[in-house]
Every structure is written in structure tokens, then in C-alpha cells.
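> Below you'll find run-v3.json; it's JSON, C-alpha atoms.
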```
[["chain", "number", "residue", "atom", "x", "y", "z"],
["M", 1, "MET", "CA", -8.98, 27.07, -48.33],
["M", 2, "ALA", "CA", -11.67, 29.66, -48.91],
["M", 3, "THR", "CA", -15.27, 28.54, -48.66],
["M", 4, "ALA", "CA", -17.30, 29.07, -51.80],
["M", 5, "VAL", "CA", -20.01, 31.68, -51.47],
["M", 6, "ARG", "CA", -23.46, 30.20, -52.08],
["M", 7, "THR", "CA", -25.64, 31.87, -54.66],
["M", 8, "TRP", "CA", -29.25, 31.52, -55.78],
["M", 9, "PRO", "CA", -31.24, 32.71, -58.80],
["M", 10, "PRO", "CA", -33.33, 35.82, -58.01],
["M", 11, "ALA", "CA", -36.52, 33.85, -58.71],
["M", 12, "GLU", "CA", -35.70, 31.36, -55.95],
["M", 13, "ILE", "CA", -35.18, 34.12, -53.40],
["M", 14, "ILE", "CA", -38.39, 35.83, -54.51],
["M", 15, "ARG", "CA", -40.35, 32.57, -54.23],
["M", 16, "THR", "CA", -38.97, 31.86, -50.75],
["M", 17, "SER", "CA", -39.61, 35.46, -49.61],
["M", 18, "ALA", "CA", -43.21, 35.31, -50.82],
["M", 19, "ALA", "CA", -43.70, 31.98, -49.03],
["M", 20, "VAL", "CA", -42.28, 33.37, -45.77],
["M", 21, "LEU", "CA", -44.54, 36.42, -45.95],
["M", 22, "THR", "CA", -47.52, 34.14, -46.54],
["M", 23, "MET", "CA", -46.53, 31.81, -43.71],
["M", 24, "ARG", "CA", -45.82, 34.55, -41.15],
["M", 25, "GLY", "CA", -48.56, 36.91, -42.25],
["M", 26, "TYR", "CA", -46.30, 39.94, -41.88],
["M", 27, "TYR", "CA", -43.09, 41.56, -43.14],
["M", 28, "GLN", "CA", -40.42, 42.44, -40.60],
["M", 29, "PRO", "CA", -37.30, 44.38, -41.68],
["M", 30, "LEU", "CA", -33.86, 43.91, -40.18],
["M", 31, "GLY", "CA", -32.47, 46.37, -37.67],
["M", 32, "ARG", "CA", -35.33, 46.59, -35.18],
["M", 33, "PRO", "CA", -33.84, 45.19, -31.96],
["M", 34, "GLY", "CA", -36.23, 44.45, -29.15],
["M", 35, "GLU", "CA", -39.17, 43.54, -31.37],
["M", 36, "GLN", "CA", -40.47, 39.99, -31.09],
["M", 37, "ALA", "CA", -41.34, 39.63, -34.79],
["M", 38, "ILE", "CA", -38.80, 37.55, -36.70],
["M", 39, "PRO", "CA", -37.04, 39.51, -39.49],
["M", 40, "THR", "CA", -38.22, 38.19, -42.85],
["M", 41, "ALA", "CA", -34.68, 38.04, -44.25],
["M", 42, "LEU", "CA", -33.58, 35.68, -41.46],
["M", 43, "ASP", "CA", -36.37, 33.25, -42.29],
["M", 44, "VAL", "CA", -35.54, 33.42, -46.00],
["M", 45, "THR", "CA", -31.80, 33.00, -45.47],
["M", 46, "ALA", "CA", -32.22, 30.02, -43.15],
["M", 47, "HIS", "CA", -34.56, 28.29, -45.60],
["M", 48, "LEU", "CA", -32.27, 28.87, -48.58],
["M", 49, "HIS", "CA", -29.24, 27.50, -46.73],
["M", 50, "GLY", "CA", -31.14, 24.55, -45.28],
["M", 51, "TRP", "CA", -30.24, 25.67, -41.76],
["M", 52, "GLU", "CA", -32.33, 24.90, -38.71],
["M", 53, "PRO", "CA", -35.46, 27.10, -38.89],
["M", 54, "VAL", "CA", -36.02, 29.98, -36.50],
["M", 55, "GLN", "CA", -39.01, 28.14, -35.04],
["M", 56, "ARG", "CA", -39.73, 24.42, -35.08],
["M", 57, "GLY", "CA", -41.84, 23.36, -38.02],
["M", 58, "ASP", "CA", -41.11, 26.49, -40.06],
["M", 59, "ARG", "CA", -39.39, 24.60, -42.88],
["M", 60, "ALA", "CA", -42.46, 22.52, -43.65],
["M", 61, "ARG", "CA", -44.78, 25.53, -43.37],
["M", 62, "ILE", "CA", -42.61, 27.59, -45.73],
["M", 63, "ALA", "CA", -42.51, 24.72, -48.24],
["M", 64, "ARG", "CA", -46.32, 24.41, -48.14],
["M", 65, "ALA", "CA", -46.74, 28.17, -48.59],
["M", 66, "ALA", "CA", -44.34, 28.14, -51.57],
["M", 67, "ALA", "CA", -46.34, 25.33, -53.20],
["M", 68, "GLN", "CA", -49.57, 27.28, -52.73],
["M", 69, "LEU", "CA", -48.42, 30.63, -54.14],
["M", 70, "ALA", "CA", -50.74, 32.04, -56.77],
["M", 71, "PRO", "CA", -49.55, 31.17, -60.28],
["M", 72, "GLY", "CA", -47.44, 33.94, -61.77],
["M", 73, "THR", "CA", -46.51, 35.53, -58.43],
["M", 74, "VAL", "CA", -42.74, 35.17, -58.91],
["M", 75, "GLU", "CA", -42.92, 36.42, -62.48],
["M", 76, "ALA", "CA", -45.09, 39.40, -61.48],
["M", 77, "VAL", "CA", -42.72, 40.44, -58.67],
["M", 78, "THR", "CA", -39.73, 40.07, -61.00],
["M", 79, "ALA", "CA", -41.34, 42.18, -63.73],
["M", 80, "TRP", "CA", -42.30, 44.90, -61.23],
["M", 81, "ALA", "CA", -38.85, 44.97, -59.64],
["M", 82, "ALA", "CA", -37.07, 45.05, -63.01],
["M", 83, "SER", "CA", -39.08, 48.07, -64.20],
["M", 84, "PRO", "CA", -38.42, 51.06, -61.93],
["M", 85, "PRO", "CA", -40.56, 54.20, -62.27],
["M", 86, "PRO", "CA", -39.41, 57.16, -64.43],
["M", 87, "GLN", "CA", -37.71, 58.86, -61.46],
["M", 88, "PRO", "CA", -36.51, 55.87, -59.46],
["M", 89, "SER", "CA", -35.06, 55.94, -55.99],
["M", 90, "THR", "CA", -31.66, 54.44, -55.20],
["M", 91, "TYR", "CA", -33.51, 51.46, -53.75],
["M", 92, "ARG", "CA", -35.48, 50.81, -56.95],
["M", 93, "LEU", "CA", -32.36, 51.10, -59.09],
["M", 94, "ARG", "CA", -30.51, 48.61, -56.90],
["M", 95, "LEU", "CA", -33.50, 46.30, -56.91],
["M", 96, "ALA", "CA", -33.73, 46.37, -60.71],
["M", 97, "ARG", "CA", -30.03, 45.52, -60.97],
["M", 98, "LEU", "CA", -30.37, 42.60, -58.56],
["M", 99, "VAL", "CA", -33.36, 40.92, -60.21],
["M", 100, "ARG", "CA", -31.65, 41.14, -63.60],
["M", 101, "SER", "CA", -28.60, 39.30, -62.23],
["M", 102, "ALA", "CA", -27.99, 35.61, -62.87],
["M", 103, "ALA", "CA", -27.28, 34.82, -59.22],
["M", 104, "LEU", "CA", -27.46, 36.57, -55.86],
["M", 105, "THR", "CA", -25.83, 36.04, -52.48],
["M", 106, "GLU", "CA", -27.04, 36.09, -48.89],
["M", 107, "ASP", "CA", -26.23, 39.81, -48.70],
["M", 108, "ASP", "CA", -28.91, 40.50, -51.30],
["M", 109, "VAL", "CA", -31.70, 38.65, -49.48],
["M", 110, "PRO", "CA", -32.96, 41.62, -47.39],
["M", 111, "VAL", "CA", -33.48, 43.76, -50.50],
["M", 112, "ILE", "CA", -35.31, 41.01, -52.39],
["M", 113, "ALA", "CA", -37.49, 40.18, -49.36],
["M", 114, "SER", "CA", -38.45, 43.85, -49.00],
["M", 115, "ALA", "CA", -39.28, 43.96, -52.72],
["M", 116, "VAL", "CA", -41.86, 41.19, -52.39],
["M", 117, "HIS", "CA", -43.50, 43.14, -49.55],
["M", 118, "ALA", "CA", -43.41, 46.38, -51.57],
["M", 119, "TRP", "CA", -44.97, 44.63, -54.58],
["M", 120, "GLN", "CA", -47.74, 43.23, -52.39],
["M", 121, "ARG", "CA", -48.50, 46.69, -51.03],
["M", 122, "THR", "CA", -48.60, 48.07, -54.58],
["M", 123, "GLN", "CA", -51.10, 45.38, -55.55],
["M", 124, "GLN", "CA", -53.21, 46.12, -52.48],
["M", 125, "ARG", "CA", -53.28, 49.85, -53.23],
["M", 126, "ALA", "CA", -54.32, 49.16, -56.82],
["M", 127, "ALA", "CA", -57.06, 46.79, -55.67],
["M", 128, "ARG", "CA", -58.37, 49.35, -53.16],
["M", 129, "ALA", "CA", -58.40, 52.07, -55.82],
["M", 130, "ALA", "CA", -60.30, 49.82, -58.23],
["M", 131, "GLN", "CA", -62.79, 48.85, -55.53],
["M", 132, "ALA", "CA", -63.29, 52.51, -54.55],
["M", 133, "GLU", "CA", -64.09, 53.35, -58.18],
["M", 134, "THR", "CA", -66.60, 50.48, -58.28],
["M", 135, "ASP", "CA", -68.16, 51.65, -55.01],
["M", 136, "ARG", "CA", -68.59, 55.18, -56.31],
["M", 137, "ALA", "CA", -70.35, 53.85, -59.41],
["M", 138, "ARG", "CA", -72.59, 51.25, -57.76],
["M", 139, "SER", "CA", -73.33, 52.20, -54.17],
["M", 140, "THR", "CA", -76.65, 53.87, -53.33],
["M", 141, "HIS", "CA", -78.26, 54.77, -50.01],
["M", 142, "GLN", "CA", -80.43, 51.99, -48.61],
["M", 143, "GLY", "CA", -83.60, 52.16, -46.51],
["M", 144, "ALA", "CA", -84.97, 55.11, -44.58],
["M", 145, "VAL", "CA", -83.52, 56.47, -41.36],
["M", 146, "GLU", "CA", -84.76, 54.39, -38.38],
["M", 147, "GLU", "CA", -85.97, 51.65, -40.75],
["M", 148, "ARG", "CA", -85.14, 48.05, -39.87],
["M", 149, "ILE", "CA", -83.66, 46.36, -42.93],
["M", 150, "THR", "CA", -82.57, 42.81, -43.80],
["M", 151, "ARG", "CA", -79.68, 42.22, -46.17],
["M", 152, "ARG", "CA", -77.14, 39.61, -47.22],
["M", 153, "LEU", "CA", -73.81, 41.40, -46.69],
["M", 154, "THR", "CA", -70.15, 40.65, -47.23],
["M", 155, "VAL", "CA", -67.62, 42.10, -44.79],
["M", 156, "ALA", "CA", -65.16, 44.31, -46.67],
["M", 157, "ALA", "CA", -63.12, 45.52, -43.69],
["M", 158, "VAL", "CA", -63.04, 45.46, -39.90],
["M", 159, "VAL", "CA", -61.09, 48.48, -38.64],
["M", 160, "GLU", "CA", -60.20, 48.76, -34.97],
["M", 161, "GLN", "CA", -60.89, 52.14, -33.38],
["M", 162, "PRO", "CA", -59.51, 53.55, -30.09],
["M", 163, "SER", "CA", -61.25, 51.85, -27.19],
["M", 164, "ARG", "CA", -63.01, 53.79, -24.45],
["M", 165, "THR", "CA", -62.76, 53.22, -20.72],
["M", 166, "TYR", "CA", -65.75, 53.57, -18.41],
["M", 167, "GLY", "CA", -64.55, 53.05, -14.86],
["M", 168, "TYR", "CA", -63.12, 49.53, -14.84],
["M", 169, "ARG", "CA", -64.75, 48.55, -18.13],
["M", 170, "VAL", "CA", -63.02, 48.86, -21.49],
["M", 171, "GLN", "CA", -65.34, 49.22, -24.48],
["M", 172, "LEU", "CA", -63.93, 47.86, -27.73],
["M", 173, "ARG", "CA", -64.83, 49.83, -30.86],
["M", 174, "TYR", "CA", -64.65, 48.87, -34.54],
["M", 175, "LEU", "CA", -65.85, 50.24, -37.85],
["M", 176, "VAL", "CA", -67.18, 47.38, -39.96],
["M", 177, "ARG", "CA", -67.55, 48.11, -43.66],
["M", 178, "LEU", "CA", -69.91, 45.86, -45.63],
["M", 179, "ARG", "CA", -71.36, 45.52, -49.14],
["M", 180, "ASP", "CA", -74.58, 43.95, -50.33],
["M", 181, "GLU", "CA", -75.12, 42.01, -53.54],
["M", 182, "SER", "CA", -76.01, 45.19, -55.46],
["M", 183, "GLY", "CA", -72.77, 46.93, -54.43],
["M", 184, "ALA", "CA", -74.30, 49.24, -51.82],
["M", 185, "VAL", "CA", -71.89, 50.10, -48.98],
["M", 186, "TYR", "CA", -72.82, 49.96, -45.29],
["M", 187, "VAL", "CA", -70.89, 51.17, -42.24],
["M", 188, "TRP", "CA", -71.49, 49.65, -38.82],
["M", 189, "PRO", "CA", -69.83, 51.28, -35.76],
["M", 190, "ALA", "CA", -69.66, 48.13, -33.66],
["M", 191, "GLN", "CA", -68.98, 47.88, -29.93],
["M", 192, "PRO", "CA", -68.57, 44.17, -29.25],
["M", 193, "LYS", "CA", -67.54, 42.53, -26.00],
["M", 194, "ARG", "CA", -64.92, 40.58, -27.95],
["M", 195, "ARG", "CA", -63.43, 40.82, -31.44],
["M", 196, "GLU", "CA", -64.67, 37.28, -31.99],
["M", 197, "ASP", "CA", -68.25, 38.56, -31.77],
["M", 198, "LEU", "CA", -67.81, 40.28, -35.16],
["M", 199, "PRO", "CA", -67.80, 38.57, -38.55],
["M", 200, "ALA", "CA", -64.46, 38.12, -40.26],
["M", 201, "GLU", "CA", -63.28, 40.07, -43.30],
["M", 202, "GLY", "CA", -64.55, 38.38, -46.42],
["M", 203, "GLN", "CA", -67.34, 36.57, -44.58],
["M", 204, "THR", "CA", -70.89, 36.73, -45.96],
["M", 205, "VAL", "CA", -73.68, 37.13, -43.41],
["M", 206, "GLU", "CA", -77.44, 37.49, -43.20],
["M", 207, "ALA", "CA", -78.04, 40.65, -41.20],
["M", 208, "ARG", "CA", -80.82, 42.74, -39.74],
["M", 209, "ALA", "CA", -79.91, 46.32, -38.90],
["M", 210, "THR", "CA", -81.38, 49.74, -38.22],
["M", 211, "VAL", "CA", -80.46, 52.58, -40.57],
["M", 212, "THR", "CA", -79.13, 55.59, -38.63],
["M", 213, "ARG", "CA", -78.04, 57.97, -41.38],
["M", 214, "HIS", "CA", -76.98, 58.37, -45.00],
["M", 215, "GLU", "CA", -73.65, 59.89, -45.97],
["M", 216, "THR", "CA", -71.47, 60.31, -49.05],
["M", 217, "TYR", "CA", -67.75, 59.81, -48.44],
["M", 218, "GLN", "CA", -65.27, 60.52, -51.24],
["M", 219, "GLY", "CA", -68.05, 60.09, -53.76],
["M", 220, "THR", "CA", -69.38, 56.81, -52.32],
["M", 221, "ALA", "CA", -72.89, 56.62, -50.88],
["M", 222, "GLN", "CA", -72.76, 54.99, -47.44],
["M", 223, "THR", "CA", -75.60, 53.72, -45.30],
["M", 224, "TRP", "CA", -74.77, 53.76, -41.58],
["M", 225, "VAL", "CA", -76.43, 51.08, -39.47],
["M", 226, "THR", "CA", -76.63, 49.98, -35.85],
["M", 227, "ARG", "CA", -78.26, 47.24, -33.76],
["M", 228, "VAL", "CA", -76.89, 44.68, -36.20],
["M", 229, "ARG", "CA", -77.91, 41.07, -35.68],
["M", 230, "TRP", "CA", -76.11, 38.67, -37.97],
["M", 231, "THR", "CA", -75.63, 34.99, -38.70],
["M", 232, "PRO", "CA", -73.23, 33.37, -41.17],
["M", 233, "ALA", "CA", -74.92, 33.09, -44.57],
["M", 234, "ASP", "CA", -74.27, 29.35, -44.71],
["M", 235, "GLN", "CA", -76.18, 28.91, -41.43],
["M", 236, "ALA", "CA", -79.10, 31.22, -42.16]]
```
In C-alpha cells, how does this file's structure come out?


Amino acid sequence: MATAVRTWPPAEIIRTSAAVLTMRGYYQPLGRPGEQAIPTALDVTAHLHGWEPVQRGDRARIARAAAQLAPGTVEAVTAWAASPPPQPSTYRLRLARLVRSAALTEDDVPVIASAVHAWQRTQQRAARAAQAETDRARSTHQGAVEERITRRLTVAAVVEQPSRTYGYRVQLRYLVRLRDESGAVYVWPAQPKRREDLPAEGQTVEARATVTRHETYQGTAQTWVTRVRWTPADQA
């Protein structure tokens, strides 16, 4: 007797995919043998079927992540996937067909999981573009070159740069991008002993720094600083 093929509504697969991406913190496609990262579709499929999770405790973590998804996430992904651009790719056409279906099978999970990741990247690009426009409008150069300034700053990004080797010593290098309360943008080329010696993205700090130069990058005024001494704003 043939076994019935299990199906799920597209919204359930989208919700589970979004929860897995939140729980893992990354998207991993199928078909990359040798990589340690767990393919997202395997996590999603196991959770939908109620199978044993890939790693112990995953089921509870995925359930918590699903419960904590931002309101409207599933609906937003569905609307984006169902509305391909004017000149859609084969992928977008297939995706639109799938999300408009009443029920999907395990074979459709990889496409839906990739769609959640693609939607997230679209949202991130839009947010970066909006922030760049705000930066161009609000940012102004701060302080004079060689002046020691004090500011309350929020870390916008911490970007790792290629490290340098001096004999047996490896020097870590990062570009830390910060904003003050007025919207002015600062760039700090940091060389910490450890990544943990830098503030985290999104963290607000009280900082003293020396202005080294003023630049304008893609229309945004940037103040470059060095010799940064910082403490968390809630401890200042």
C-alpha cells in the first residue's frame, strides 16, 4: 500500500524556514558537500516531519524562534514571493507558483527556505539604502584634525579587514563604523588584540577619540578617528 505524501501549507514552511534561519544565524543551501554548516532545508524538513533534529535541542530552539518572529514576517515573505519582478527569473516564477499553492511537499522545501533568505537580503539592502540616504543628509564632519573629542556613539558596523603578520605576531584589523546622536558618521580603523576588545554592533558607548582626517565617501561626510577609549554607555 502506497504511503501518503505529507504536505504543508506554504505559510507553515515559510514560518519554519524563518525560525531555522533565526536559530542558526545563517542560510546554508543544499549541495555543498564537505562544509560543516547544516543545510537549512534539512533542518526545516526534519522539523516539519517531527523527525529527530540534526542536533540535540534543535526542536525546542526552532519552536522558540518561531514564536518570537516579528509580526507579519510570514505574510511579508509570502507577498514578496508571490509578486515576481517585471522580468522574473525561472526561480522567481517557480517561487510565485509554489507560494500560491494550497499545499507543498518535502521537495518544495529547499526553494521556500531559499526564498526566506532572499527576502531577508532584500530587506537588508533596502534598510542599508535608506540609512545611506539618511547619512548623506545628516552627517557632518566633527572636530578638528588632531583634536581629542568625546561623543556618545552607536556602533553601526564592525567589518573585519585582512590581518597583518609581523614576525610571529598577527595583528587583527577592523573598520568600525559609528554614529553619534546627531547622525554624524565616524570611522575607526581598530587594531585590537582580540575581537572581544571592540564594542558589538548596535552597542552604544561613551568614547574619547582623536580626529585624524575628514573625508566624504559616496556623499556622506565621515570623521576618521584613532586612539579610541570607550566604555558601554550604561556603565559610563

> Which one of M:Val170, M:Ala19, M:Leu178, M:Ala157 sits closest to M:Ala207 if you count all atoms listed in the file?

M:Leu178

> Would you kindly identify which residues have an atom no farther than 6 Å from (-37.7, 44.8, -58.2), using all atoms listed in the file and the file's own coordinates, and write them out as an MDAnalysis selection string?

chainID M and resid 78 80:82 95:96 115

> What's the separation between atom CA of M:Asp107 and atom CA of M:Gly50, in Å to one decimal place?

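Between atom CA of M:Asp107 and atom CA of M:Gly50 the gap is 16.4 Å.
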
> Identify which of the residues M:Ala156, M:Leu104, M:Ala144, M:Val205 lies closest to M:Ile14, counting only C-alpha atoms when measuring atom-to-atom distances.

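The shortest atom-to-atom distance to M:Ile14 comes from M:Leu104.
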
> Between M:Glu106, M:Ile38, M:Thr16, M:Leu93, single out the one closest to M:Arg61, counting all atoms listed in the file.

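Closest to M:Arg61 of all the choices is M:Thr16.
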
> Using all atoms listed in the file, collect all residues at a distance of at most 12 Å from (-85.1, 43.3, -43.3) as written in the file, then present them as a list of chain:residue names.

M:Gln142, M:Gly143, M:Ala144, M:Glu147, M:Arg148, M:Ile149, M:Thr150, M:Arg151, M:Arg152, M:Leu153, M:Glu206, M:Ala207, M:Arg208, M:Ala209, M:Thr210, M:Val211, M:Val228, M:Arg229, M:Trp230

> Pick from M:Thr40, M:Gln235, M:Gln218, M:Thr212: nearest to M:Ile112, with all atoms listed in the file counted?

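Closest residue, counting all atoms listed in the file: M:Thr40.
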
> Quick one, how far is atom CA of M:His141 from atom CA of M:Asp234?

26.3 Å

> Work out how far apart atom CA of M:Ala70 and atom CA of M:Gln120 are and give it in Å to one decimal.

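Those two atoms sit 12.4 Å apart.
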
> Write out as a list in words the residues lying within 9 Å of M:Val158, counting only C-alpha atoms and excluding same-chain residues fewer than 4 positions away.

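Surrounding residues, per the criterion: Tyr174, Leu175, Val176, Arg177, Leu178, Leu198, Pro199, Ala200 and Glu201 of chain M.
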
> I'd like the contact shell of stretch 130-137 of chain M - 10 Å cut-off, all atoms listed in the file, skipping same-chain residues fewer than 4 positions apart - returned as a list in words.

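Skipping anything fewer than 4 positions along the chain leaves Gln124, Arg125, Ala126, Arg179, Gly183, Ala184, Val185, Thr216, Tyr217, Gln218, Gly219, Thr220, Ala221 and Gln222 of chain M.
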
> Identify which of the residues M:Val5, M:Leu21, M:Val155, M:Ile62 lies closest to M:Pro39, counting only C-alpha atoms when measuring atom-to-atom distances.

M:Leu21

> For M:Arg194, which residue out of M:Leu172, M:Pro86, M:Ala127, M:Leu69 is the nearest one, using all atoms listed in the file?

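Looking at the shortest contact to M:Arg194, the residue is M:Leu172.
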
> Is it possible to add N, CA, C and O atoms to stretch 82-97 of chain M and hand it back as an mmCIF file, in the coordinates of the input?


```
data_model
loop_
_atom_site.group_PDB
_atom_site.id
_atom_site.type_symbol
_atom_site.label_atom_id
_atom_site.label_comp_id
_atom_site.auth_asym_id
_atom_site.auth_seq_id
_atom_site.Cartn_x
_atom_site.Cartn_y
_atom_site.Cartn_z
ATOM 1 N N ALA M 82 -37.985 44.756 -61.901
ATOM 2 C CA ALA M 82 -37.070 45.050 -63.010
ATOM 3 C C ALA M 82 -37.448 46.304 -63.773
ATOM 4 O O ALA M 82 -36.688 46.746 -64.646
ATOM 5 N N SER M 83 -38.598 46.896 -63.464
ATOM 6 C CA SER M 83 -39.080 48.070 -64.200
ATOM 7 C C SER M 83 -39.314 49.227 -63.243
ATOM 8 O O SER M 83 -40.451 49.506 -62.839
ATOM 9 N N PRO M 84 -38.252 49.927 -62.852
ATOM 10 C CA PRO M 84 -38.420 51.060 -61.930
ATOM 11 C C PRO M 84 -39.205 52.188 -62.565
ATOM 12 O O PRO M 84 -39.289 52.288 -63.792
ATOM 13 N N PRO M 85 -39.791 53.061 -61.754
ATOM 14 C CA PRO M 85 -40.560 54.200 -62.270
ATOM 15 C C PRO M 85 -39.642 55.205 -62.978
ATOM 16 O O PRO M 85 -38.409 55.112 -62.887
ATOM 17 N N PRO M 86 -40.227 56.196 -63.670
ATOM 18 C CA PRO M 86 -39.410 57.160 -64.430
ATOM 19 C C PRO M 86 -38.366 57.895 -63.586
ATOM 20 O O PRO M 86 -37.293 58.199 -64.085
ATOM 21 N N GLN M 87 -38.678 58.206 -62.344
ATOM 22 C CA GLN M 87 -37.710 58.860 -61.460
ATOM 23 C C GLN M 87 -37.453 57.954 -60.269
ATOM 24 O O GLN M 87 -37.948 58.186 -59.157
ATOM 25 N N PRO M 88 -36.674 56.906 -60.480
ATOM 26 C CA PRO M 88 -36.510 55.870 -59.460
ATOM 27 C C PRO M 88 -35.629 56.316 -58.295
ATOM 28 O O PRO M 88 -34.725 57.144 -58.451
ATOM 29 N N SER M 89 -35.908 55.738 -57.153
ATOM 30 C CA SER M 89 -35.060 55.940 -55.990
ATOM 31 C C SER M 89 -33.824 55.045 -56.107
ATOM 32 O O SER M 89 -33.753 54.161 -56.974
ATOM 33 N N THR M 90 -32.848 55.291 -55.230
ATOM 34 C CA THR M 90 -31.660 54.440 -55.200
ATOM 35 C C THR M 90 -32.043 52.997 -54.935
ATOM 36 O O THR M 90 -31.465 52.062 -55.518
ATOM 37 N N TYR M 91 -33.030 52.809 -54.076
ATOM 38 C CA TYR M 91 -33.510 51.460 -53.750
ATOM 39 C C TYR M 91 -34.051 50.756 -54.987
ATOM 40 O O TYR M 91 -33.709 49.601 -55.271
ATOM 41 N N ARG M 92 -34.896 51.443 -55.770
ATOM 42 C CA ARG M 92 -35.480 50.810 -56.950
ATOM 43 C C ARG M 92 -34.421 50.511 -58.007
ATOM 44 O O ARG M 92 -34.508 49.506 -58.713
ATOM 45 N N LEU M 93 -33.429 51.371 -58.137
ATOM 46 C CA LEU M 93 -32.360 51.100 -59.090
ATOM 47 C C LEU M 93 -31.547 49.878 -58.670
ATOM 48 O O LEU M 93 -31.206 49.026 -59.504
ATOM 49 N N ARG M 94 -31.248 49.781 -57.393
ATOM 50 C CA ARG M 94 -30.510 48.610 -56.900
ATOM 51 C C ARG M 94 -31.339 47.349 -57.074
ATOM 52 O O ARG M 94 -30.823 46.299 -57.482
ATOM 53 N N LEU M 95 -32.623 47.442 -56.772
ATOM 54 C CA LEU M 95 -33.500 46.300 -56.910
ATOM 55 C C LEU M 95 -33.559 45.814 -58.357
ATOM 56 O O LEU M 95 -33.482 44.605 -58.633
ATOM 57 N N ALA M 96 -33.682 46.741 -59.294
ATOM 58 C CA ALA M 96 -33.730 46.370 -60.710
ATOM 59 C C ALA M 96 -32.435 45.663 -61.120
ATOM 60 O O ALA M 96 -32.463 44.676 -61.872
ATOM 61 N N ARG M 97 -31.313 46.158 -60.637
ATOM 62 C CA ARG M 97 -30.030 45.520 -60.970
ATOM 63 C C ARG M 97 -29.964 44.102 -60.413
ATOM 64 O O ARG M 97 -29.497 43.174 -61.100
#
```
